[in-house]
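J.: Sharing model_39.txt, compact mmCIF, C-alpha atoms:
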# COMPACT_ATOMS: atom_id res chain seq x y z
CA MET A 22 103.14 -34.17 -145.51
CA SER A 23 105.99 -31.66 -145.86
CA GLU A 24 105.57 -27.92 -145.41
CA ASN A 25 106.01 -27.35 -149.16
CA SER A 26 103.35 -29.95 -149.89
CA ARG A 27 100.91 -28.28 -147.50
CA ASN A 28 101.56 -24.88 -149.06
CA GLN A 29 100.85 -26.37 -152.46
CA ALA A 30 97.66 -27.93 -151.06
CA TYR A 31 96.43 -24.45 -150.08
CA ILE A 32 97.35 -23.05 -153.49
CA ASP A 33 95.49 -25.92 -155.17
CA HIS A 34 92.50 -25.42 -152.85
CA VAL A 35 92.20 -21.78 -153.93
CA ARG A 36 92.58 -22.74 -157.59
CA ARG A 37 89.78 -25.28 -157.32
CA LEU A 38 87.50 -22.74 -155.65
CA GLU A 39 88.11 -20.27 -158.45
CA GLN A 40 87.25 -22.93 -161.00
CA ARG A 41 84.08 -23.97 -159.15
CA VAL A 42 82.64 -20.59 -158.12
CA ASP A 43 81.49 -18.26 -160.90
CA CYS A 44 82.41 -15.07 -159.05
CA LYS A 45 86.19 -14.99 -158.56
CA ASP A 46 85.96 -12.47 -155.71
CA GLU A 47 83.52 -14.73 -153.87
CA ALA A 48 85.81 -17.72 -154.41
CA LEU A 49 88.69 -15.85 -152.80
CA ARG A 50 86.50 -14.82 -149.88
CA ARG A 51 85.44 -18.44 -149.34
CA ALA A 52 89.06 -19.55 -149.44
CA VAL A 53 89.59 -18.28 -145.89
CA GLY A 54 86.69 -20.29 -144.49
CA GLY A 55 83.47 -18.38 -145.07
CA GLU A 56 81.67 -15.62 -143.14
CA PHE A 57 84.20 -13.17 -144.54
CA ASP A 58 82.60 -9.94 -143.31
CA ALA A 59 81.29 -11.22 -139.96
CA VAL A 60 84.54 -12.87 -138.88
CA GLY A 61 86.63 -9.94 -140.14
CA LYS A 62 84.62 -7.54 -137.97
CA LEU A 63 84.94 -9.82 -134.96
CA GLU A 64 88.70 -10.09 -135.39
CA TYR A 65 88.88 -6.30 -135.61
CA TYR A 66 86.80 -5.74 -132.47
CA LEU A 67 88.83 -8.34 -130.61
CA LEU A 68 92.02 -6.42 -131.38
CA ARG A 69 90.38 -3.15 -130.34
CA SER A 70 89.39 -4.75 -127.03
CA LEU A 71 93.05 -5.70 -126.51
CA GLY A 72 94.24 -2.12 -127.00
CA LEU A 73 94.79 -1.71 -130.75
CA ASN A 74 95.28 2.02 -131.22
CA SER A 75 96.50 4.77 -133.53
CA GLY A 76 99.98 4.22 -134.93
CA HIS A 77 100.16 0.54 -134.01
CA LEU A 78 101.76 -1.99 -136.34
CA VAL A 79 99.76 -5.17 -136.96
CA ILE A 80 101.47 -8.17 -138.55
CA ASP A 81 98.71 -10.38 -139.92
CA VAL A 82 100.21 -13.83 -140.47
CA GLY A 83 98.10 -15.82 -142.93
CA CYS A 84 96.22 -12.71 -144.01
CA GLY A 85 94.39 -14.63 -146.75
CA SER A 86 92.25 -12.52 -149.05
CA GLY A 87 92.02 -9.65 -146.56
CA ARG A 88 89.35 -10.59 -144.04
CA LEU A 89 90.97 -8.63 -141.18
CA ALA A 90 92.78 -6.18 -143.44
CA GLN A 91 89.50 -4.95 -144.92
CA GLN A 92 88.29 -3.96 -141.45
CA LEU A 93 91.54 -2.24 -140.52
CA ALA A 94 91.90 -0.36 -143.79
CA GLY A 95 89.62 2.53 -142.84
CA ASP A 96 91.96 3.61 -140.03
CA LYS A 97 94.66 5.56 -141.80
CA THR A 98 96.89 5.52 -138.73
CA ILE A 99 97.22 1.75 -138.51
CA ARG A 100 100.38 0.26 -139.99
CA TYR A 101 100.07 -3.22 -141.41
CA VAL A 102 102.03 -6.15 -142.84
CA GLY A 103 100.08 -9.10 -144.23
CA THR A 104 101.73 -12.40 -145.13
CA ASP A 105 100.48 -15.53 -146.85
CA VAL A 106 101.73 -18.54 -148.82
CA VAL A 107 99.10 -18.25 -151.59
CA PRO A 108 99.86 -15.66 -154.31
CA ARG A 109 96.22 -15.21 -155.37
CA LEU A 110 95.16 -14.42 -151.81
CA ILE A 111 97.89 -11.82 -151.39
CA GLU A 112 96.81 -10.19 -154.65
CA ALA A 113 93.17 -10.14 -153.52
CA ALA A 114 93.96 -8.65 -150.11
CA LYS A 115 96.07 -5.91 -151.63
CA ALA A 116 93.36 -5.01 -154.15
CA LEU A 117 90.60 -5.11 -151.54
CA THR A 118 92.23 -2.70 -149.12
CA GLY A 119 93.63 -0.20 -151.60
CA ARG A 120 96.31 0.72 -149.06
CA ASN A 121 99.47 1.43 -151.02
CA ASP A 122 101.24 2.26 -147.77
CA TRP A 123 100.73 -1.26 -146.45
CA GLU A 124 102.91 -4.30 -147.10
CA PHE A 125 101.58 -7.62 -148.40
CA ARG A 126 104.28 -10.26 -148.54
CA LEU A 127 104.29 -13.69 -150.15
CA VAL A 128 106.32 -15.97 -147.88
CA GLU A 129 107.83 -19.42 -147.96
CA GLY A 130 108.67 -21.27 -144.80
CA ILE A 131 107.92 -20.36 -141.20
CA ARG A 132 109.09 -16.77 -141.15
CA ILE A 133 107.77 -13.29 -140.58
CA PRO A 134 109.47 -10.80 -142.93
CA CYS A 135 109.80 -7.98 -140.38
CA GLY A 136 112.51 -6.61 -138.15
CA ASP A 137 113.03 -7.17 -134.42
CA ASN A 138 110.93 -5.39 -131.78
CA VAL A 139 108.70 -3.52 -134.23
CA ALA A 140 105.14 -4.88 -133.91
CA ASP A 141 102.37 -4.09 -131.47
CA PHE A 142 100.31 -7.11 -132.55
CA VAL A 143 101.08 -10.31 -134.42
CA THR A 144 97.89 -12.17 -135.32
CA PHE A 145 97.46 -15.83 -136.15
CA PHE A 146 93.78 -16.09 -137.05
CA SER A 147 93.02 -19.59 -138.40
CA VAL A 148 96.74 -20.18 -138.97
CA LEU A 149 97.92 -22.57 -136.25
CA THR A 150 94.82 -24.61 -137.09
CA HIS A 151 96.71 -25.58 -140.26
CA THR A 152 100.31 -26.04 -139.10
CA THR A 153 102.14 -28.81 -137.27
CA HIS A 154 102.98 -28.27 -133.60
CA GLU A 155 106.63 -27.82 -134.49
CA GLU A 156 105.75 -25.13 -137.03
CA SER A 157 103.42 -23.42 -134.57
CA PHE A 158 106.22 -23.13 -132.01
CA GLN A 159 108.55 -21.76 -134.68
CA TYR A 160 105.91 -19.17 -135.60
CA LEU A 161 105.70 -18.07 -131.96
CA LEU A 162 109.48 -17.69 -131.84
CA GLU A 163 109.17 -15.43 -134.89
CA ALA A 164 106.34 -13.49 -133.28
CA ALA A 165 108.38 -12.98 -130.11
CA ARG A 166 111.26 -11.66 -132.20
CA CYS A 167 109.07 -9.16 -134.08
CA LEU A 168 106.98 -7.92 -131.15
CA LYS A 169 107.90 -4.91 -129.07
CA PRO A 170 108.14 -5.54 -125.32
CA GLY A 171 104.54 -5.57 -124.16
CA GLY A 172 103.28 -6.40 -127.66
CA ARG A 173 100.78 -9.21 -128.11
CA ALA A 174 100.44 -12.33 -130.20
CA VAL A 175 96.77 -13.24 -130.75
CA ILE A 176 96.03 -16.83 -131.71
CA SER A 177 92.78 -18.53 -132.67
CA PHE A 178 92.81 -22.30 -132.27
CA LEU A 179 90.75 -25.47 -132.14
CA GLU A 180 90.58 -27.62 -128.99
CA PHE A 181 88.77 -30.80 -128.08
CA ARG A 182 87.20 -29.35 -124.92
CA ILE A 183 84.83 -27.16 -126.98
CA PRO A 184 81.79 -29.15 -128.23
CA CYS A 185 81.45 -27.31 -131.54
CA HIS A 186 85.13 -27.92 -132.25
CA TRP A 187 84.48 -31.65 -132.01
CA GLU A 188 82.13 -31.24 -134.98
CA THR A 189 85.03 -29.73 -136.91
CA PHE A 190 87.15 -32.73 -135.98
CA LYS A 191 84.48 -35.13 -137.26
CA MET A 192 84.37 -33.22 -140.56
CA SER A 193 88.15 -33.56 -140.85
CA LEU A 194 87.77 -37.34 -140.72
CA ARG A 195 85.99 -37.13 -144.07
CA ALA A 196 88.54 -34.83 -145.69
CA LYS A 197 90.28 -36.01 -148.82
CA PRO A 198 93.95 -36.97 -148.46
CA GLY A 199 96.37 -34.26 -149.50
CA GLY A 200 94.10 -31.36 -148.55
CA PRO A 201 94.75 -28.63 -145.97
CA LEU A 202 95.68 -29.86 -142.50
CA THR A 203 93.19 -29.40 -139.62
CA GLN A 204 95.18 -29.15 -136.39
CA PHE A 205 93.92 -29.16 -132.79
CA ILE A 206 96.00 -27.65 -129.97
CA ASP A 207 95.87 -28.26 -126.23
CA ARG A 208 96.20 -25.20 -124.00
CA ASP A 209 99.13 -26.82 -122.20
CA ALA A 210 101.00 -26.81 -125.51
CA ILE A 211 100.45 -23.08 -125.95
CA VAL A 212 101.65 -22.45 -122.39
CA ALA A 213 104.80 -24.50 -123.04
CA TRP A 214 105.49 -22.76 -126.36
CA ALA A 215 105.05 -19.36 -124.71
CA ASP A 216 107.38 -20.31 -121.84
CA HIS A 217 110.09 -21.26 -124.32
CA SER A 218 109.74 -18.24 -126.60
CA GLY A 219 109.81 -15.26 -124.25
CA LEU A 220 106.04 -14.83 -124.17
CA VAL A 221 103.56 -15.08 -121.31
CA VAL A 222 99.95 -16.18 -121.58
CA GLU A 223 97.61 -13.33 -120.72
CA SER A 224 94.35 -15.14 -121.36
CA PHE A 225 92.50 -18.05 -122.89
CA CYS A 226 88.90 -17.62 -124.07
CA ASP A 227 86.50 -20.37 -125.11
CA GLY A 228 85.47 -20.31 -128.75
CA ASP A 229 81.78 -20.77 -127.99
CA LYS A 230 81.38 -17.97 -125.40
CA GLY A 231 81.26 -14.21 -125.88
CA HIS A 232 84.39 -12.58 -124.45
CA PHE A 233 84.92 -9.16 -126.07
CA PRO A 234 82.56 -6.24 -126.65
CA ILE A 235 81.13 -5.58 -130.10
CA PRO A 236 79.57 -2.15 -130.77
CA GLU A 237 77.24 -3.39 -133.52
CA GLU A 238 75.12 -6.40 -134.36
CA ILE A 239 77.08 -9.00 -136.33
CA LYS A 240 74.88 -10.83 -138.81
CA TRP A 241 75.83 -14.32 -139.95
CA GLU A 242 74.96 -15.86 -143.29
CA ASN A 243 72.49 -18.26 -141.64
CA GLY A 244 70.50 -15.34 -140.26
CA THR A 245 71.65 -15.46 -136.64
CA VAL A 246 72.77 -12.22 -134.99
CA MET A 247 75.55 -11.71 -132.44
CA LYS A 248 75.07 -8.85 -129.98
CA SER A 249 76.99 -7.19 -127.14
CA LEU A 250 79.74 -9.79 -126.73
CA GLY A 251 81.53 -11.53 -129.57
CA ASN A 252 83.47 -14.72 -130.11
CA LEU A 253 85.27 -16.11 -133.15
CA GLY A 254 84.01 -19.68 -132.98
CA GLN A 255 87.61 -20.72 -132.50
CA SER A 256 89.13 -20.32 -129.03
CA VAL A 257 91.57 -17.46 -128.49
CA ALA A 258 94.92 -17.23 -126.71
CA VAL A 259 96.54 -13.86 -126.04
CA LEU A 260 100.29 -13.94 -125.41
CA ARG A 261 102.41 -10.94 -124.36
CA LYS A 262 106.09 -10.33 -124.92
CA VAL A 263 107.90 -9.72 -121.63
If you took the structure in this file and wrote it as structure tokens, what would it be?
T.:
Amino acid sequence: MSENSRNQAYIDHVRRLEQRVDCKDEALRRAVGGEFDAVGKLEYYLLRSLGLNSGHLVIDVGCGSGRLAQQLAGDKTIRYVGTDVVPRLIEAAKALTGRNDWEFRLVEGIRIPCGDNVADFVTFFSVLTHTTHEESFQYLLEAARCLKPGGRAVISFLEFRIPCHWETFKMSLRAKPGGPLTQFIDRDAIVAWADHSGLVVESFCDGDKGHFPIPEEIKWENGTVMKSLGNLGQSVAVLRKV
């Protein structure tokens, strides 16, 4: 499937959700995979644990309907650029945050619409899980271009070594043809991509183990509570620009 076809698949996926779910806002929240508030908070606390601070610029690739942006919006010092390929999600994220000083950009192709050496963080939360390996490498080249020296790219990804990720793989076997791509990545691939894009791997963290502090209890929709240490469910790679 071509990149344009996949982008259209995401647009169609969001349209179907809006037709099926009575509450349009809820449909747009579900479009990014569920657990909107819980995962948004965890993404935010992960970035804080990595040094996110006043005045930093965050480029949120695949920002969706504002899951991370909502959590960042209360800090008036944070600068932010959110990108996505789905117009309705960009509209929702912009409305949700109410930050007229922030940029939300609709993009086509594998590009980050920012200048060179400007960002402190470039995030790819649940993004490289839906791109080909070639596109993922191109995205990391773009991230390396946009990051300041010492800036970090933060990637969540699926890998076969994590038991709960295997369940995701089994679900993908039942997916209808033409829908969004579910992509798994080996850590060796991320190391190779980093080596060839001017980035170094700082850390890998398993998706099923707590690895960053959370200052509050995170409640999931099924009633479970996460305390003290958080994880995203997906594994995390942190890359730094040298």
J.: May I have the residues within 7 Å of segment 47-57 of chain A as a ChimeraX atom specification, using all atoms listed in the file and disregarding those fewer than 2 positions away in the same chain?
T.: /A:35,38-39,42,44-45,59-61,85-86,88,110,241-242
J.: Ala164 of chain A: which residues within 10 Å, counting all atoms listed in the file, same-chain residues fewer than 5 positions away excluded, as a list in words?
T.: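 Returned residues: Ile80, Val82, Arg132, Ile133, Cys135, Asp137, Asn138, Ala140, Phe142, Val143, Thr144, Phe145, Phe158, Gln159, Lys169, Gly172, Arg173, Ala174, Val175, Ser218, Gly219, Leu220, Leu260 and Lys262 of chain A.
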J.: Give the padded box for segment 210-220 of chain A as AutoDock Vina command-line options: axis-aligned, covering all atoms listed in the file, 8 Å on each side, centre and edge lengths in Å to one decimal.
T.:
--center_x 105.3 --center_y -20.8 --center_z -124.2 --size_x 25.6 --size_y 28.0 --size_z 20.8
J.: Point out the residue among A:Arg182, A:Arg41, A:Lys240, A:His151 with the least atom-to-atom distance to Arg27 of chain A, counting all atoms listed in the file.
T.: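 For Arg27 of chain A, the nearest of the candidates is A:His151.
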J.: Residues within 12 Å of Ala116 of chain A, please, as number ranges by chain. Count only C-alpha atoms; anything in the same chain fewer than 3 positions from it doesn't count.
T.: A: 46, 49, 86-87, 90-91, 94, 109-113, 119-121, 123-125
J.: Go through A:Asp105, A:Trp187, A:Glu163, A:Asp209 one by one, measure the shortest atom-to-atom distance of each to Ser147 of chain A using all atoms listed in the file, and give the residue with the smallest value.
T.: A:Asp105
J.: Of the candidates A:Ala114, A:Leu202, A:Phe181, A:Asn74, which one gets nearest to Arg100 of chain A if we count all atoms listed in the file?
T.: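 Between A:Ala114, A:Leu202, A:Phe181, A:Asn74, the residue approaching Arg100 of chain A most closely is A:Asn74.
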J.: Rank nothing, just name the residue among A:Val148, A:Val221, A:Leu253, A:Ile183 nearest to Thr203 of chain A, using all atoms listed in the file.
T.: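 Comparing A:Val148, A:Val221, A:Leu253, A:Ile183 against Thr203 of chain A, the winner is A:Val148.
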J.: What does the distance from atom CA of Arg126 of chain A to atom CA of Val106 of chain A come to in Å, to one decimal?
T.: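 Result for atom CA of Arg126 of chain A versus atom CA of Val106 of chain A: 8.7 Å, one decimal.
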J.: Distance atom CA of Glu156 of chain A-atom CA of Val107 of chain A, one decimal place?
T.: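 Distance between the two atoms: 17.4 Å.
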J.: In Å, with one decimal, what is the gap from atom CA of Lys97 of chain A to atom CA of Ser75 of chain A?
T.: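 Those two atoms sit 8.5 Å apart.
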J.: Which of these residues is nearest to Ser224 of chain A, using only C-alpha atoms: A:Val212, A:Val259, A:Val139, A:Leu67?
T.: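 Result for the nearest residue to Ser224 of chain A: A:Val259.
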J.: Just give me the residues with any atom within 9 Å of (99.9, -27.2, -149.1), file coordinates, counting all atoms listed in the file, written as a PyMOL selection string.
T.: chain A and resi 22-34+106+199-202
J.: Would you save the residues of that selection, restricted to C-alpha atoms, as a compact mmCIF listing (two decimals), in the coordinates of the input?
T.:
# COMPACT_ATOMS: atom_id res chain seq x y z
CA MET A 22 103.14 -34.17 -145.51
CA SER A 23 105.99 -31.66 -145.86
CA GLU A 24 105.57 -27.92 -145.41
CA ASN A 25 106.01 -27.35 -149.16
CA SER A 26 103.35 -29.95 -149.89
CA ARG A 27 100.91 -28.28 -147.50
CA ASN A 28 101.56 -24.88 -149.06
CA GLN A 29 100.85 -26.37 -152.46
CA ALA A 30 97.66 -27.93 -151.06
CA TYR A 31 96.43 -24.45 -150.08
CA ILE A 32 97.35 -23.05 -153.49
CA ASP A 33 95.49 -25.92 -155.17
CA HIS A 34 92.50 -25.42 -152.85
CA VAL A 106 101.73 -18.54 -148.82
CA GLY A 199 96.37 -34.26 -149.50
CA GLY A 200 94.10 -31.36 -148.55
CA PRO A 201 94.75 -28.63 -145.97
CA LEU A 202 95.68 -29.86 -142.50
